[in-house]
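Everything below concerns the one structure shown next.
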Amino acid sequence: MESEVKLLVQRQLPRHIAIIMDGNGRWAKNRFLPRTAGHHAGVSSVRKVIEYCGSIGVNALTLFAFSSENWRRPQQEVSVLMGLFLATLEKETAKLHKNNMRLRVIGDRTAFAFELQESISAAESLTSSNTGLNVVIAANYGGRWEITEAVRRVVTQVAEGHLAPADISTEIIASNLNLADLPEPDLFIRTGGEKRISNFMLWQLAYTELYFTDTLWPDFDQTELEEAIKDYAGRQRRFGYTGDQVEKLFIHNGLR
Ligand code: IPE
Ligand code: IPE
Ligand code: MG
């Protein structure tokens, strides 16, 4: 790692990075290839980003692989994406495990083929005790879906008499979301040039630093990720405080 980046990273390393991996289709189109060639090419970016995040000690990396809206795509493209997901899980899980990484999938997996559901469960159980990088794949995931599920759980607790309506708080909602045990994303990255959230982690992104790059996902590599982390490290997160207050907090408590 370059020393400048290393210094910045030591000073202000994001604990959780969440990425919308966008631009595979355009990458392929630019090369007169079918869109699915872009999805295949995107897998190597996934590998690079996971390796790099593991090497610098990030706690969690969440990758948006398939949205609950992506079913609207041509059936052939959807089926290639599903096949690629399965093949990549089968091929890469052993390596993740060897590297002490924990894999989790968030999203409504009941819509997936049985074989894919089985493979997801197997990868999750194999790696469940690992203590290194948390690799989270968001598949058939939507932020509104996740919040709706959390609300359903909370309402069930109320209906069963375990919780009073007056005790429903933001903490209670948050603790019923998928990744309640992980810090919320510090850094959000979207490749591919679009400046939107596309129903990704709506609740958790409330105070996340947003970073957008025109680079198409298959072209995204370690250098690009370092750029994003450098940019993040140079920002002042205020969480509603004034800039001066934050400076003081930093000096006295080393808060980030
Ligand atoms: C992101 O790339 C991958 C998925 C949504 C599965 P796209 O396929 O959306 O690529 P563009 O946006 O069409 O270029
Ligand atoms: C968001 O990308 C979902 C993933 C990257 C998996 P899309 O390409 O589907 O988003 P929109 O439709 O352009 O908002
Ligand atoms: Mg897209």
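Letters A, B, ... go to the chains of the structure tokens in the order shown; residues in each chain start at 1; ligands are counted from 1 in the same order.
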Taking only C-alpha atoms and all ligand atoms into account, produce a table as JSON lines in which each residue of chain A with an atom at most 8 Å from an atom of ligand 1 appears once, together with its shortest atom pair and the distance in Å to one decimal, ordered by chain and rising number.
```
{"residue": "A:Ile20", "atom": "CA", "partner": "ligand 1", "partner_atom_place_in_ligand_line": "1 (C)", "distance": 7.6}
{"residue": "A:Met21", "atom": "CA", "partner": "ligand 1", "partner_atom_place_in_ligand_line": "1 (C)", "distance": 5.4}
{"residue": "A:Asp22", "atom": "CA", "partner": "ligand 1", "partner_atom_place_in_ligand_line": "1 (C)", "distance": 3.7}
{"residue": "A:Gly23", "atom": "CA", "partner": "ligand 1", "partner_atom_place_in_ligand_line": "14 (O)", "distance": 3.3}
{"residue": "A:Asn24", "atom": "CA", "partner": "ligand 1", "partner_atom_place_in_ligand_line": "10 (O)", "distance": 3.9}
{"residue": "A:Gly25", "atom": "CA", "partner": "ligand 1", "partner_atom_place_in_ligand_line": "14 (O)", "distance": 3.6}
{"residue": "A:Arg26", "atom": "CA", "partner": "ligand 1", "partner_atom_place_in_ligand_line": "14 (O)", "distance": 3.6}
{"residue": "A:Trp27", "atom": "CA", "partner": "ligand 1", "partner_atom_place_in_ligand_line": "14 (O)", "distance": 6.3}
{"residue": "A:Ala28", "atom": "CA", "partner": "ligand 1", "partner_atom_place_in_ligand_line": "14 (O)", "distance": 7.9}
{"residue": "A:Arg35", "atom": "CA", "partner": "ligand 1", "partner_atom_place_in_ligand_line": "8 (O)", "distance": 6.9}
{"residue": "A:Thr36", "atom": "CA", "partner": "ligand 1", "partner_atom_place_in_ligand_line": "8 (O)", "distance": 7.9}
{"residue": "A:Gly38", "atom": "CA", "partner": "ligand 1", "partner_atom_place_in_ligand_line": "8 (O)", "distance": 7.4}
{"residue": "A:His39", "atom": "CA", "partner": "ligand 1", "partner_atom_place_in_ligand_line": "3 (C)", "distance": 6.4}
{"residue": "A:Phe64", "atom": "CA", "partner": "ligand 1", "partner_atom_place_in_ligand_line": "4 (C)", "distance": 7.9}
{"residue": "A:Ala65", "atom": "CA", "partner": "ligand 1", "partner_atom_place_in_ligand_line": "6 (C)", "distance": 5.3}
{"residue": "A:Phe66", "atom": "CA", "partner": "ligand 1", "partner_atom_place_in_ligand_line": "6 (C)", "distance": 4.8}
{"residue": "A:Ser67", "atom": "CA", "partner": "ligand 1", "partner_atom_place_in_ligand_line": "5 (C)", "distance": 6.9}
{"residue": "A:Asn70", "atom": "CA", "partner": "ligand 1", "partner_atom_place_in_ligand_line": "5 (C)", "distance": 6.5}
{"residue": "A:Leu81", "atom": "CA", "partner": "ligand 1", "partner_atom_place_in_ligand_line": "6 (C)", "distance": 6.8}
{"residue": "A:Gly192", "atom": "CA", "partner": "ligand 1", "partner_atom_place_in_ligand_line": "12 (O)", "distance": 6.5}
{"residue": "A:Leu216", "atom": "CA", "partner": "ligand 1", "partner_atom_place_in_ligand_line": "14 (O)", "distance": 7.4}
{"residue": "A:Trp217", "atom": "CA", "partner": "ligand 1", "partner_atom_place_in_ligand_line": "2 (O)", "distance": 7.2}
```
Per residue of range 43-140 of chain A within 12 Å of range 223-239 of chain A, what are the shortest atom pair and its distance in Å to one decimal, counting only C-alpha atoms, with rows by chain and residue number, as JSON lines?
```
{"residue": "A:Ser45", "atom": "CA", "partner": "A:Leu225", "partner_atom": "CA", "distance": 10.5}
{"residue": "A:Val46", "atom": "CA", "partner": "A:Leu225", "partner_atom": "CA", "distance": 11.5}
{"residue": "A:Lys48", "atom": "CA", "partner": "A:Leu225", "partner_atom": "CA", "distance": 9.8}
{"residue": "A:Val49", "atom": "CA", "partner": "A:Leu225", "partner_atom": "CA", "distance": 7.5}
{"residue": "A:Ile50", "atom": "CA", "partner": "A:Leu225", "partner_atom": "CA", "distance": 10.8}
{"residue": "A:Glu51", "atom": "CA", "partner": "A:Leu225", "partner_atom": "CA", "distance": 11.5}
{"residue": "A:Tyr52", "atom": "CA", "partner": "A:Leu225", "partner_atom": "CA", "distance": 8.6}
{"residue": "A:Cys53", "atom": "CA", "partner": "A:Leu225", "partner_atom": "CA", "distance": 9.1}
{"residue": "A:Ile56", "atom": "CA", "partner": "A:Glu226", "partner_atom": "CA", "distance": 10.5}
{"residue": "A:Val58", "atom": "CA", "partner": "A:Ile229", "partner_atom": "CA", "distance": 10.9}
```
Take the residues that were just selected and, keeping N, CA, C and O atoms, output them as a short mmCIF file (atom, residue, chain, number, x, y, z; two decimals), in the first residue's frame.
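Listed below is the output, result22.cif:
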```cif
data_model
loop_
_atom_site.label_atom_id
_atom_site.label_comp_id
_atom_site.auth_asym_id
_atom_site.auth_seq_id
_atom_site.Cartn_x
_atom_site.Cartn_y
_atom_site.Cartn_z
N SER A 45 -13.78 -7.44 -10.20
CA SER A 45 -13.74 -6.25 -9.34
C SER A 45 -14.20 -6.61 -7.92
O SER A 45 -13.65 -6.10 -6.94
N VAL A 46 -15.19 -7.47 -7.83
CA VAL A 46 -15.67 -7.92 -6.51
C VAL A 46 -14.51 -8.56 -5.75
O VAL A 46 -14.25 -8.24 -4.59
N LYS A 48 -11.27 -8.21 -6.16
CA LYS A 48 -10.23 -7.23 -5.80
C LYS A 48 -10.64 -6.40 -4.59
O LYS A 48 -9.84 -6.14 -3.69
N VAL A 49 -11.90 -5.96 -4.59
CA VAL A 49 -12.37 -5.08 -3.51
C VAL A 49 -12.41 -5.84 -2.18
O VAL A 49 -12.03 -5.31 -1.14
N ILE A 50 -12.84 -7.10 -2.23
CA ILE A 50 -12.88 -7.90 -1.01
C ILE A 50 -11.45 -8.09 -0.47
O ILE A 50 -11.19 -7.89 0.71
N GLU A 51 -10.54 -8.46 -1.37
CA GLU A 51 -9.15 -8.67 -0.95
C GLU A 51 -8.57 -7.42 -0.31
O GLU A 51 -7.95 -7.46 0.76
N TYR A 52 -8.80 -6.29 -0.96
CA TYR A 52 -8.22 -5.04 -0.47
C TYR A 52 -8.81 -4.66 0.89
O TYR A 52 -8.08 -4.28 1.82
N CYS A 53 -10.13 -4.74 1.01
CA CYS A 53 -10.77 -4.39 2.29
C CYS A 53 -10.27 -5.30 3.40
O CYS A 53 -10.02 -4.87 4.52
N ILE A 56 -6.68 -4.13 4.54
CA ILE A 56 -6.49 -2.90 5.32
C ILE A 56 -7.28 -2.90 6.63
O ILE A 56 -7.21 -1.95 7.39
N VAL A 58 -10.73 -3.26 7.19
CA VAL A 58 -12.11 -2.77 7.26
C VAL A 58 -12.94 -3.86 7.95
O VAL A 58 -12.67 -5.05 7.80
#
```
Against range 118-140 of chain A, which residues of range 176-233 of chain A fall within 12 Å? For each one I want the closest pair of atoms and the distance in Å (one decimal), counting only C-alpha atoms, rows by chain and increasing residue number, as CSV.
```
residue,atom,partner,partner_atom,distance
A:Asn178,CA,A:Val136,CA,10.4
A:Leu179,CA,A:Val136,CA,9.0
A:Asp181,CA,A:Asn134,CA,10.8
A:Leu182,CA,A:Asn134,CA,8.7
A:Pro183,CA,A:Asn134,CA,10.9
A:Pro185,CA,A:Val136,CA,11.7
A:Asn199,CA,A:Asn140,CA,11.2
A:Phe200,CA,A:Ala138,CA,8.7
A:Met201,CA,A:Ala138,CA,9.4
```
Please, which residues of range 28-208 of chain A, numbered as in this document, come out helix (DSSP H, G or I) from DSSP, as a VMD selection string?
chain A and resid 28 to 30 35 to 56 70 to 72 75 to 98 109 to 111 114 to 127 143 to 159 165 to 167 170 to 175 204 to 207
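Here atom 14 (O, counted along the ligand's line) of ligand 2 and CA of Arg72 in chain A stand 11.8 Å from one another.
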Distance query Asp167 in chain A at most 12 Å, only C-alpha atoms, self and fewer than 6 positions along chain excluded, as a tab-separated table (two decimals) with N, CA, C and O atoms, in the first residue's frame:
```
chain	number	residue	atom	x	y	z
A	154	VAL	N	-41.29	-5.99	14.76
A	154	VAL	CA	-41.62	-5.17	15.91
A	154	VAL	C	-43.11	-5.30	16.25
A	154	VAL	O	-43.49	-5.47	17.42
A	155	VAL	N	-43.93	-5.24	15.23
A	155	VAL	CA	-45.39	-5.33	15.45
A	155	VAL	C	-45.75	-6.69	16.06
A	155	VAL	O	-46.62	-6.79	16.93
A	157	GLN	N	-43.85	-8.39	18.08
A	157	GLN	CA	-43.49	-8.30	19.51
A	157	GLN	C	-44.57	-7.55	20.28
A	157	GLN	O	-44.91	-7.91	21.41
A	158	VAL	N	-45.13	-6.52	19.66
A	158	VAL	CA	-46.20	-5.76	20.31
A	158	VAL	C	-47.44	-6.64	20.45
A	158	VAL	O	-48.04	-6.75	21.53
A	161	GLY	N	-47.40	-8.99	23.15
A	161	GLY	CA	-47.34	-8.40	24.48
A	161	GLY	C	-45.94	-8.22	25.05
A	161	GLY	O	-45.77	-7.93	26.23
A	173	ILE	N	-36.22	-0.26	16.13
A	173	ILE	CA	-36.33	-0.53	14.69
A	173	ILE	C	-34.96	-0.99	14.16
A	173	ILE	O	-34.85	-2.03	13.51
```
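Between CA of Glu146 in chain A and atom 14 (O, counted along the ligand's line) of ligand 2 lies a distance of 17.5 Å.
Counting from CA of Ala113 in chain A, the distance to CA of Tyr141 in chain A is 15.6 Å.
With only C-alpha atoms and all ligand atoms as the atoms that count, the residue of A:Gln222, A:Thr170, A:Ser198, A:Ser44 with the shortest distance to ligand 2 is A:Ser198.
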Using only C-alpha atoms, can you tell me which of A:Arg152, A:Gly142, A:Gly193, A:His162 comes closest to Asn176 in chain A?
A:Arg152
